[in-house]
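Participant: I have a structure here, written as structure tokens, and I will follow up with some questions on it.
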Amino acid sequence: MPTSTAEQLHALIYDPNASPFVSIAVAADFLGIAKSTAYDAAHTGELCEGVPVVRIGRRYLVATAHLRAIAGTDAANDD
């Protein structure tokens, strides 16, 4: 499993077997926004339009499929 943010971003974009969810911090890096901005948006239930946030306890997660879709890098459909 990737440990650094750079490795997680690479896996998010290129690895179809990557984790189905990433943290808000990784999603923020992927989108090129500040973590504080991402956490503020996550409190509304959506990171940005079309990217819902899942809350489990105190943790916020974002589905990699939604991030890939808005970025046009949907590796799952690149067969």
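Just remember, in the structure tokens the first chain shown is A, the second B, etc., residues are 1-based per chain, and ligands are 1-based in the order shown.
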So that I can check the surroundings of Arg58 in chain A, please list as a PDB file with C-alpha atoms, in the first residue's frame every protein, DNA and RNA residue that reaches within 12 Å of it, counting only C-alpha atoms and ignoring chain neighbours fewer than 6 positions away.
Facilitator:
ATOM      1  CA  SER A  23      -8.412  10.849   2.688  1.00  0.00           C
ATOM      2  CA  ILE A  24      -9.394  14.482   2.319  1.00  0.00           C
ATOM      3  CA  TYR A  39     -12.061  20.076   4.945  1.00  0.00           C
ATOM      4  CA  ALA A  42     -16.250  18.266   3.239  1.00  0.00           C
ATOM      5  CA  HIS A  43     -18.392  19.544   6.078  1.00  0.00           C
TER       6      HIS A  43
END
Participant: Step one, run DSSP on the backbone; step two, keep only residues of chain A assigned to alpha helix (DSSP H); then write them as a VMD selection string.
Facilitator: chain A and resid 5 to 14 24 to 31 35 to 42 64 to 71
Participant: May I have a table of the residues of range 29-76 of chain A lying at most 8 Å from range 17-20 of chain A, giving each one's closest pair of atoms and their distance in Å to one decimal, counting only C-alpha atoms, ordered by chain and ascending residue number, as a tab-separated table?
Facilitator:
residue	atom	partner	partner_atom	distance
A:Ala63	CA	A:Pro20	CA	5.7
A:Thr64	CA	A:Pro20	CA	5.4
A:Ala65	CA	A:Pro20	CA	7.1
Participant: Calculate how many Å separate CA of Asp40 in chain A from CA of Tyr14 in chain A, rounding to one decimal.
Facilitator: 27.7 Å
Participant: Here is a test: counting only C-alpha atoms, which residue of A:Ala6, A:Ile13, A:Ala27, A:Ala34 is nearest to Pro52 in chain A?
Facilitator: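 Using only C-alpha atoms, the shortest distance to Pro52 in chain A belongs to A:Ala27.
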